[in-house]
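Next up, structure.cif (mmCIF, N, CA and C atoms):
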data_coords
loop_
_atom_site.label_atom_id
_atom_site.label_comp_id
_atom_site.auth_asym_id
_atom_site.auth_seq_id
_atom_site.Cartn_x
_atom_site.Cartn_y
_atom_site.Cartn_z
N GLY V 24 0.80 -1.19 0.00
CA GLY V 24 0.00 0.00 0.00
C GLY V 24 0.84 1.26 0.00
N TRP V 25 0.25 2.30 -0.47
CA TRP V 25 0.89 3.62 -0.54
C TRP V 25 -0.12 4.65 -0.11
N SER V 26 0.34 5.64 0.58
CA SER V 26 -0.53 6.73 1.01
C SER V 26 0.22 8.04 0.84
N ALA V 27 -0.27 8.91 -0.02
CA ALA V 27 0.35 10.22 -0.20
C ALA V 27 0.26 11.02 1.09
N GLU V 28 -0.81 10.84 1.85
CA GLU V 28 -0.97 11.54 3.12
C GLU V 28 0.10 11.07 4.10
N PHE V 29 0.38 9.77 4.14
CA PHE V 29 1.47 9.24 4.97
C PHE V 29 2.80 9.84 4.53
N ALA V 30 3.02 9.94 3.25
CA ALA V 30 4.30 10.46 2.72
C ALA V 30 4.55 11.88 3.18
N ARG V 31 3.50 12.67 3.35
CA ARG V 31 3.69 14.05 3.81
C ARG V 31 4.26 14.09 5.23
N ARG V 32 4.04 13.01 6.02
CA ARG V 32 4.50 12.98 7.41
C ARG V 32 5.81 12.20 7.59
N HIS V 33 6.28 11.54 6.56
CA HIS V 33 7.48 10.70 6.66
C HIS V 33 8.61 11.39 5.89
N PRO V 34 9.67 11.81 6.56
CA PRO V 34 10.70 12.63 5.90
C PRO V 34 11.29 12.02 4.62
N VAL V 35 11.62 10.74 4.64
CA VAL V 35 12.22 10.12 3.45
C VAL V 35 11.19 10.03 2.33
N ALA V 36 9.98 9.59 2.66
CA ALA V 36 8.93 9.48 1.64
C ALA V 36 8.58 10.85 1.07
N ARG V 37 8.53 11.87 1.92
CA ARG V 37 8.21 13.23 1.45
C ARG V 37 9.28 13.73 0.48
N THR V 38 10.55 13.47 0.80
CA THR V 38 11.64 13.90 -0.08
C THR V 38 11.55 13.22 -1.44
N VAL V 39 11.33 11.91 -1.44
CA VAL V 39 11.22 11.18 -2.70
C VAL V 39 10.00 11.66 -3.48
N ALA V 40 8.87 11.85 -2.81
CA ALA V 40 7.67 12.33 -3.50
C ALA V 40 7.88 13.71 -4.09
N ASP V 41 8.58 14.58 -3.36
CA ASP V 41 8.86 15.93 -3.88
C ASP V 41 9.79 15.86 -5.10
N LEU V 42 10.81 15.03 -5.04
CA LEU V 42 11.73 14.87 -6.18
C LEU V 42 10.99 14.30 -7.39
N TYR V 43 10.10 13.34 -7.15
CA TYR V 43 9.31 12.74 -8.24
C TYR V 43 8.44 13.81 -8.91
N ARG V 44 7.75 14.61 -8.08
CA ARG V 44 6.88 15.67 -8.63
C ARG V 44 7.69 16.68 -9.42
N ALA V 45 8.85 17.05 -8.92
CA ALA V 45 9.70 18.02 -9.63
C ALA V 45 10.17 17.45 -10.98
N ARG V 46 10.47 16.18 -11.01
CA ARG V 46 10.98 15.56 -12.24
C ARG V 46 9.88 15.29 -13.26
N TYR V 47 8.74 14.75 -12.79
CA TYR V 47 7.69 14.29 -13.72
C TYR V 47 6.45 15.18 -13.75
N GLU V 48 6.41 16.20 -12.90
CA GLU V 48 5.28 17.13 -12.83
C GLU V 48 3.96 16.42 -12.55
N GLU V 49 4.05 15.32 -11.82
CA GLU V 49 2.89 14.53 -11.39
C GLU V 49 3.17 14.03 -9.98
N PRO V 50 2.13 13.76 -9.20
CA PRO V 50 2.37 13.21 -7.87
C PRO V 50 2.85 11.75 -7.95
N LEU V 51 3.62 11.35 -6.96
CA LEU V 51 4.08 9.97 -6.86
C LEU V 51 2.87 9.06 -6.64
N THR V 52 2.76 8.03 -7.43
CA THR V 52 1.64 7.09 -7.32
C THR V 52 2.07 5.85 -6.53
N GLY V 53 1.12 5.04 -6.18
CA GLY V 53 1.43 3.78 -5.51
C GLY V 53 2.30 2.88 -6.36
N ALA V 54 2.02 2.83 -7.65
CA ALA V 54 2.83 1.99 -8.55
C ALA V 54 4.27 2.51 -8.63
N ALA V 55 4.44 3.82 -8.70
CA ALA V 55 5.78 4.40 -8.77
C ALA V 55 6.53 4.18 -7.45
N ALA V 56 5.84 4.32 -6.33
CA ALA V 56 6.47 4.10 -5.02
C ALA V 56 6.90 2.64 -4.87
N ALA V 57 6.06 1.72 -5.32
CA ALA V 57 6.40 0.29 -5.25
C ALA V 57 7.59 -0.02 -6.15
N ALA V 58 7.61 0.55 -7.36
CA ALA V 58 8.74 0.32 -8.28
C ALA V 58 10.02 0.90 -7.71
N PHE V 59 9.95 2.08 -7.12
CA PHE V 59 11.11 2.70 -6.49
C PHE V 59 11.65 1.81 -5.37
N THR V 60 10.75 1.33 -4.52
CA THR V 60 11.14 0.48 -3.39
C THR V 60 11.73 -0.84 -3.88
N ALA V 61 11.12 -1.45 -4.88
CA ALA V 61 11.62 -2.72 -5.42
C ALA V 61 13.01 -2.54 -6.04
N THR V 62 13.20 -1.45 -6.76
CA THR V 62 14.49 -1.19 -7.41
C THR V 62 15.59 -1.00 -6.37
N LEU V 63 15.32 -0.18 -5.36
CA LEU V 63 16.32 0.04 -4.32
C LEU V 63 16.60 -1.23 -3.53
N THR V 64 15.57 -2.02 -3.25
CA THR V 64 15.75 -3.27 -2.52
C THR V 64 16.63 -4.23 -3.31
N LEU V 65 16.35 -4.36 -4.60
CA LEU V 65 17.17 -5.24 -5.44
C LEU V 65 18.60 -4.72 -5.54
N ALA V 66 18.78 -3.42 -5.67
CA ALA V 66 20.13 -2.84 -5.74
C ALA V 66 20.91 -3.13 -4.46
N LEU V 67 20.26 -3.02 -3.31
CA LEU V 67 20.93 -3.33 -2.05
C LEU V 67 21.32 -4.81 -1.97
N ALA V 68 20.45 -5.68 -2.47
CA ALA V 68 20.76 -7.12 -2.46
C ALA V 68 21.93 -7.42 -3.39
N ILE V 69 21.97 -6.80 -4.55
CA ILE V 69 23.08 -7.00 -5.49
C ILE V 69 24.37 -6.46 -4.88
N ASP V 70 24.29 -5.33 -4.22
CA ASP V 70 25.47 -4.76 -3.56
C ASP V 70 25.99 -5.70 -2.48
N THR V 71 25.09 -6.28 -1.70
CA THR V 71 25.47 -7.24 -0.66
C THR V 71 26.10 -8.48 -1.28
N ALA V 72 25.52 -8.95 -2.40
CA ALA V 72 26.00 -10.16 -3.07
C ALA V 72 27.32 -9.92 -3.79
N ARG V 73 27.56 -8.68 -4.17
CA ARG V 73 28.76 -8.30 -4.94
C ARG V 73 28.81 -9.00 -6.30
N THR V 74 27.65 -9.43 -6.79
CA THR V 74 27.55 -10.09 -8.08
C THR V 74 26.08 -10.06 -8.50
N ALA V 75 25.83 -10.29 -9.78
CA ALA V 75 24.45 -10.38 -10.26
C ALA V 75 23.99 -11.83 -10.38
N ASP V 76 24.79 -12.76 -9.87
CA ASP V 76 24.42 -14.17 -9.88
C ASP V 76 23.09 -14.34 -9.13
N PRO V 77 22.09 -14.96 -9.76
CA PRO V 77 20.76 -15.06 -9.13
C PRO V 77 20.77 -15.69 -7.73
N ALA V 78 21.53 -16.75 -7.53
CA ALA V 78 21.57 -17.40 -6.22
C ALA V 78 22.16 -16.45 -5.18
N ALA V 79 23.19 -15.72 -5.53
CA ALA V 79 23.82 -14.78 -4.60
C ALA V 79 22.89 -13.61 -4.31
N VAL V 80 22.15 -13.15 -5.32
CA VAL V 80 21.20 -12.04 -5.12
C VAL V 80 20.07 -12.51 -4.19
N ARG V 81 19.55 -13.73 -4.39
CA ARG V 81 18.52 -14.26 -3.49
C ARG V 81 19.04 -14.32 -2.05
N ALA V 82 20.29 -14.76 -1.90
CA ALA V 82 20.89 -14.80 -0.55
C ALA V 82 21.00 -13.38 0.00
N GLY V 83 21.37 -12.42 -0.84
CA GLY V 83 21.44 -11.02 -0.41
C GLY V 83 20.09 -10.49 0.03
N LEU V 84 19.02 -10.88 -0.68
CA LEU V 84 17.67 -10.47 -0.29
C LEU V 84 17.29 -11.08 1.06
N ARG V 85 17.66 -12.34 1.28
CA ARG V 85 17.33 -12.99 2.56
C ARG V 85 18.09 -12.35 3.72
N GLN V 86 19.25 -11.76 3.46
CA GLN V 86 20.05 -11.10 4.50
C GLN V 86 19.58 -9.67 4.77
N LEU V 87 18.84 -9.11 3.86
CA LEU V 87 18.43 -7.71 3.94
C LEU V 87 17.48 -7.48 5.11
N SER V 88 17.71 -6.41 5.85
CA SER V 88 16.81 -6.01 6.93
C SER V 88 16.85 -4.49 7.01
N LEU V 89 15.77 -3.86 6.53
CA LEU V 89 15.68 -2.40 6.53
C LEU V 89 14.59 -1.96 7.50
N PRO V 90 14.89 -1.00 8.37
CA PRO V 90 13.84 -0.48 9.26
C PRO V 90 12.89 0.44 8.50
N ALA V 91 11.77 0.73 9.11
CA ALA V 91 10.76 1.59 8.49
C ALA V 91 11.31 2.95 8.09
N THR V 92 12.28 3.45 8.83
CA THR V 92 12.84 4.77 8.54
C THR V 92 13.65 4.81 7.25
N GLN V 93 13.98 3.64 6.70
CA GLN V 93 14.80 3.59 5.49
C GLN V 93 14.01 3.16 4.25
N THR V 94 12.71 3.24 4.32
CA THR V 94 11.87 2.94 3.17
C THR V 94 10.80 4.01 3.04
N ILE V 95 10.31 4.22 1.83
CA ILE V 95 9.27 5.23 1.64
C ILE V 95 7.87 4.65 1.81
N MET V 96 7.79 3.34 1.96
CA MET V 96 6.49 2.70 2.10
C MET V 96 6.03 2.75 3.55
N PRO V 97 4.73 2.75 3.79
CA PRO V 97 4.21 2.79 5.16
C PRO V 97 4.22 1.40 5.80
N TRP V 98 5.38 0.80 5.81
CA TRP V 98 5.57 -0.54 6.35
C TRP V 98 6.41 -0.46 7.61
N ASN V 99 6.57 -1.60 8.25
CA ASN V 99 7.45 -1.70 9.41
C ASN V 99 8.90 -1.93 8.97
N GLY V 100 9.14 -2.03 7.69
CA GLY V 100 10.47 -2.23 7.14
C GLY V 100 10.45 -3.25 6.03
N ILE V 101 11.63 -3.77 5.71
CA ILE V 101 11.75 -4.80 4.68
C ILE V 101 12.63 -5.91 5.23
N ARG V 102 12.07 -7.11 5.29
CA ARG V 102 12.80 -8.32 5.69
C ARG V 102 12.07 -9.51 5.07
N PHE V 103 12.81 -10.27 4.30
CA PHE V 103 12.19 -11.39 3.58
C PHE V 103 12.26 -12.67 4.40
N GLY V 104 11.13 -13.35 4.47
CA GLY V 104 11.04 -14.62 5.18
C GLY V 104 11.43 -15.78 4.28
N PRO V 105 11.38 -16.99 4.81
CA PRO V 105 11.75 -18.18 4.05
C PRO V 105 10.90 -18.39 2.78
N ASP V 106 9.67 -17.85 2.80
CA ASP V 106 8.79 -17.98 1.64
C ASP V 106 9.04 -16.89 0.60
N GLY V 107 9.99 -15.99 0.86
CA GLY V 107 10.32 -14.93 -0.09
C GLY V 107 9.46 -13.69 0.02
N GLN V 108 8.54 -13.68 0.97
CA GLN V 108 7.64 -12.53 1.14
C GLN V 108 8.22 -11.56 2.18
N ASN V 109 7.93 -10.28 2.00
CA ASN V 109 8.36 -9.27 2.96
C ASN V 109 7.50 -9.42 4.21
N GLU V 110 8.14 -9.85 5.29
CA GLU V 110 7.42 -10.07 6.55
C GLU V 110 6.99 -8.77 7.22
N LEU V 111 7.57 -7.66 6.82
CA LEU V 111 7.27 -6.39 7.47
C LEU V 111 6.35 -5.48 6.65
N ALA V 112 5.89 -5.97 5.50
CA ALA V 112 4.95 -5.18 4.69
C ALA V 112 3.65 -5.02 5.45
N ALA V 113 2.96 -3.93 5.20
CA ALA V 113 1.70 -3.66 5.90
C ALA V 113 0.77 -2.90 4.97
N ALA V 114 -0.51 -2.95 5.30
CA ALA V 114 -1.51 -2.25 4.50
C ALA V 114 -1.83 -0.89 5.11
N VAL V 115 -2.22 0.02 4.27
CA VAL V 115 -2.74 1.31 4.71
C VAL V 115 -4.04 1.56 3.96
N VAL V 116 -4.91 2.34 4.57
CA VAL V 116 -6.18 2.68 3.93
C VAL V 116 -6.36 4.19 4.02
N ASP V 117 -6.58 4.81 2.87
CA ASP V 117 -6.92 6.23 2.80
C ASP V 117 -8.41 6.33 2.52
N GLN V 118 -9.06 7.34 3.08
CA GLN V 118 -10.44 7.64 2.74
C GLN V 118 -10.44 8.94 1.94
N GLN V 119 -11.14 8.93 0.83
CA GLN V 119 -11.24 10.12 -0.01
C GLN V 119 -12.19 11.10 0.65
N THR V 120 -11.71 12.33 0.82
CA THR V 120 -12.54 13.38 1.40
C THR V 120 -12.56 14.57 0.45
N GLY V 121 -13.29 15.60 0.81
CA GLY V 121 -13.32 16.81 0.00
C GLY V 121 -11.97 17.48 -0.10
N GLU V 122 -11.10 17.24 0.88
CA GLU V 122 -9.76 17.82 0.88
C GLU V 122 -8.73 16.88 0.25
N GLY V 123 -9.16 15.70 -0.18
CA GLY V 123 -8.25 14.72 -0.75
C GLY V 123 -8.17 13.48 0.12
N PRO V 124 -7.23 12.58 -0.18
CA PRO V 124 -7.13 11.35 0.60
C PRO V 124 -6.60 11.62 2.02
N VAL V 125 -7.20 10.92 3.00
CA VAL V 125 -6.79 11.04 4.39
C VAL V 125 -6.56 9.63 4.93
N LEU V 126 -5.44 9.43 5.57
CA LEU V 126 -5.08 8.12 6.12
C LEU V 126 -5.97 7.78 7.30
N VAL V 127 -6.63 6.62 7.24
CA VAL V 127 -7.52 6.20 8.33
C VAL V 127 -7.11 4.87 8.96
N TYR V 128 -6.19 4.14 8.32
CA TYR V 128 -5.72 2.86 8.87
C TYR V 128 -4.29 2.63 8.44
N PRO V 129 -3.43 2.19 9.33
CA PRO V 129 -3.67 1.72 10.69
C PRO V 129 -3.91 2.87 11.66
N ARG V 130 -4.55 2.56 12.74
CA ARG V 130 -4.97 3.58 13.69
C ARG V 130 -3.81 4.43 14.21
N GLU V 131 -2.63 3.81 14.42
CA GLU V 131 -1.51 4.58 14.97
C GLU V 131 -0.97 5.63 13.99
N LEU V 132 -1.31 5.50 12.72
CA LEU V 132 -0.91 6.49 11.71
C LEU V 132 -2.07 7.36 11.24
N ALA V 133 -3.28 7.01 11.64
CA ALA V 133 -4.48 7.67 11.13
C ALA V 133 -4.50 9.16 11.45
N ALA V 134 -4.91 9.93 10.46
CA ALA V 134 -5.07 11.37 10.63
C ALA V 134 -6.48 11.71 11.10
N THR V 135 -7.41 10.77 10.91
CA THR V 135 -8.80 10.97 11.32
C THR V 135 -9.47 9.61 11.44
N ASP V 136 -10.67 9.59 11.99
CA ASP V 136 -11.45 8.36 12.05
C ASP V 136 -12.16 8.15 10.72
N VAL V 137 -12.48 6.90 10.43
CA VAL V 137 -13.24 6.57 9.23
C VAL V 137 -14.61 7.19 9.33
N SER V 138 -15.07 7.77 8.24
CA SER V 138 -16.42 8.31 8.16
C SER V 138 -17.21 7.37 7.27
N TRP V 139 -18.21 6.68 7.85
CA TRP V 139 -18.97 5.69 7.08
C TRP V 139 -20.44 5.89 7.33
N PRO V 140 -21.29 5.94 6.37
CA PRO V 140 -20.91 5.92 4.96
C PRO V 140 -20.16 7.19 4.60
N GLU V 141 -19.47 7.10 3.49
CA GLU V 141 -18.66 8.23 3.04
C GLU V 141 -19.57 9.45 2.85
N PRO V 142 -19.11 10.62 3.34
CA PRO V 142 -19.92 11.82 3.17
C PRO V 142 -20.10 12.14 1.69
N PRO V 143 -21.20 12.76 1.33
CA PRO V 143 -21.40 13.12 -0.08
C PRO V 143 -20.33 14.11 -0.56
N ALA V 144 -19.99 13.98 -1.82
CA ALA V 144 -18.99 14.87 -2.42
C ALA V 144 -19.55 16.29 -2.48
N THR V 145 -18.64 17.25 -2.30
CA THR V 145 -19.01 18.65 -2.41
C THR V 145 -17.95 19.36 -3.22
N GLY V 146 -18.24 20.54 -3.66
CA GLY V 146 -17.24 21.33 -4.37
C GLY V 146 -17.67 21.65 -5.77
N PRO V 147 -16.77 22.32 -6.51
CA PRO V 147 -17.09 22.72 -7.88
C PRO V 147 -17.42 21.52 -8.76
N GLY V 148 -18.47 21.64 -9.52
CA GLY V 148 -18.85 20.58 -10.46
C GLY V 148 -19.68 19.48 -9.84
N VAL V 149 -19.95 19.56 -8.54
CA VAL V 149 -20.78 18.54 -7.88
C VAL V 149 -22.14 19.16 -7.65
N PRO V 150 -23.19 18.53 -8.20
CA PRO V 150 -24.54 19.09 -8.03
C PRO V 150 -25.04 19.02 -6.62
#

The structure in this file should be written as structure tokens.
Amino acid sequence: GWSAEFARRHPVARTVADLYRARYEEPLTGAAAAAFTATLTLALAIDTARTADPAAVRAGLRQLSLPATQTIMPWNGIRFGPDGQNELAAAVVDQQTGEGPVLVYPRELAATDVSWPEPPATGPGVP
């Protein structure tokens, strides 16, 4: 998951999002954030392996342990388990509001409580 609202509060994510907007004149999307994270993770594994040999890179990925402060994703970090999945990945949920997306889950990161049902849209162009 990706949350632009989370990125505004996370120094590393905010910096990357600002650089992305300056370069591409568009906001950083979830797909772009995931691609950025995957590329950096793979680069770190290759650096650890000191080779591009697939077995050595897999071993480098298994050795990798990044805390939440070193990733732009709203996760607890990056650490791959025996099944090859990131054990520290986590989900986030944004609720669309009149002011834009607002983080509502997980609770410890939430900017507001969930409003359900979603309030009706307001603003220009909305009848």

Could you name the residues that touch region 126-139 of chain V at 8 Å or less, counting all atoms listed in the file, but leaving out those on the same chain fewer than 5 positions away, as a PyMOL selection string? chain V and resi 26-29+113-119

Members of chain V assigned helix (DSSP H, G or I) by DSSP, as number ranges by chain: V: 27-32, 34-47, 53-72, 77-86, 91-93

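If you apply the PyMOL selection byres ((chain V and resi 62-72) around 8) to this structure, you end up with Ala56, Ala57, Ala58, Phe59, Thr60, Ala61, Arg73, Thr74, Ala75, Asp76, Ala78, Ala79, Val80, Arg81, Ala82, Gly83, Leu84, Arg85, Gln86 and Leu87 of chain V.
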
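Between CA of Ala112 (chain V) and atom N of Asn99 (chain V) the separation is 5.3 Å.
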
Contacts of Val39 (chain V) at 8 Å (all atoms listed in the file; same-chain gap of 6+ positions) as number ranges by chain: V: 33, 45, 51, 95

For the strand (DSSP E or B) assignment from backbone DSSP, which residues of region 33-142 of chain V qualify? Please present them as a ChimeraX atom specification. /V:88-90,100-103,109,116-120,123-128

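For the pair CA of Gly24 (chain V) and CA of Pro77 (chain V), the interatomic distance is 27.2 Å.
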
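Separating atom N of Pro34 (chain V) from atom C of Pro97 (chain V) is a distance of 11.8 Å.
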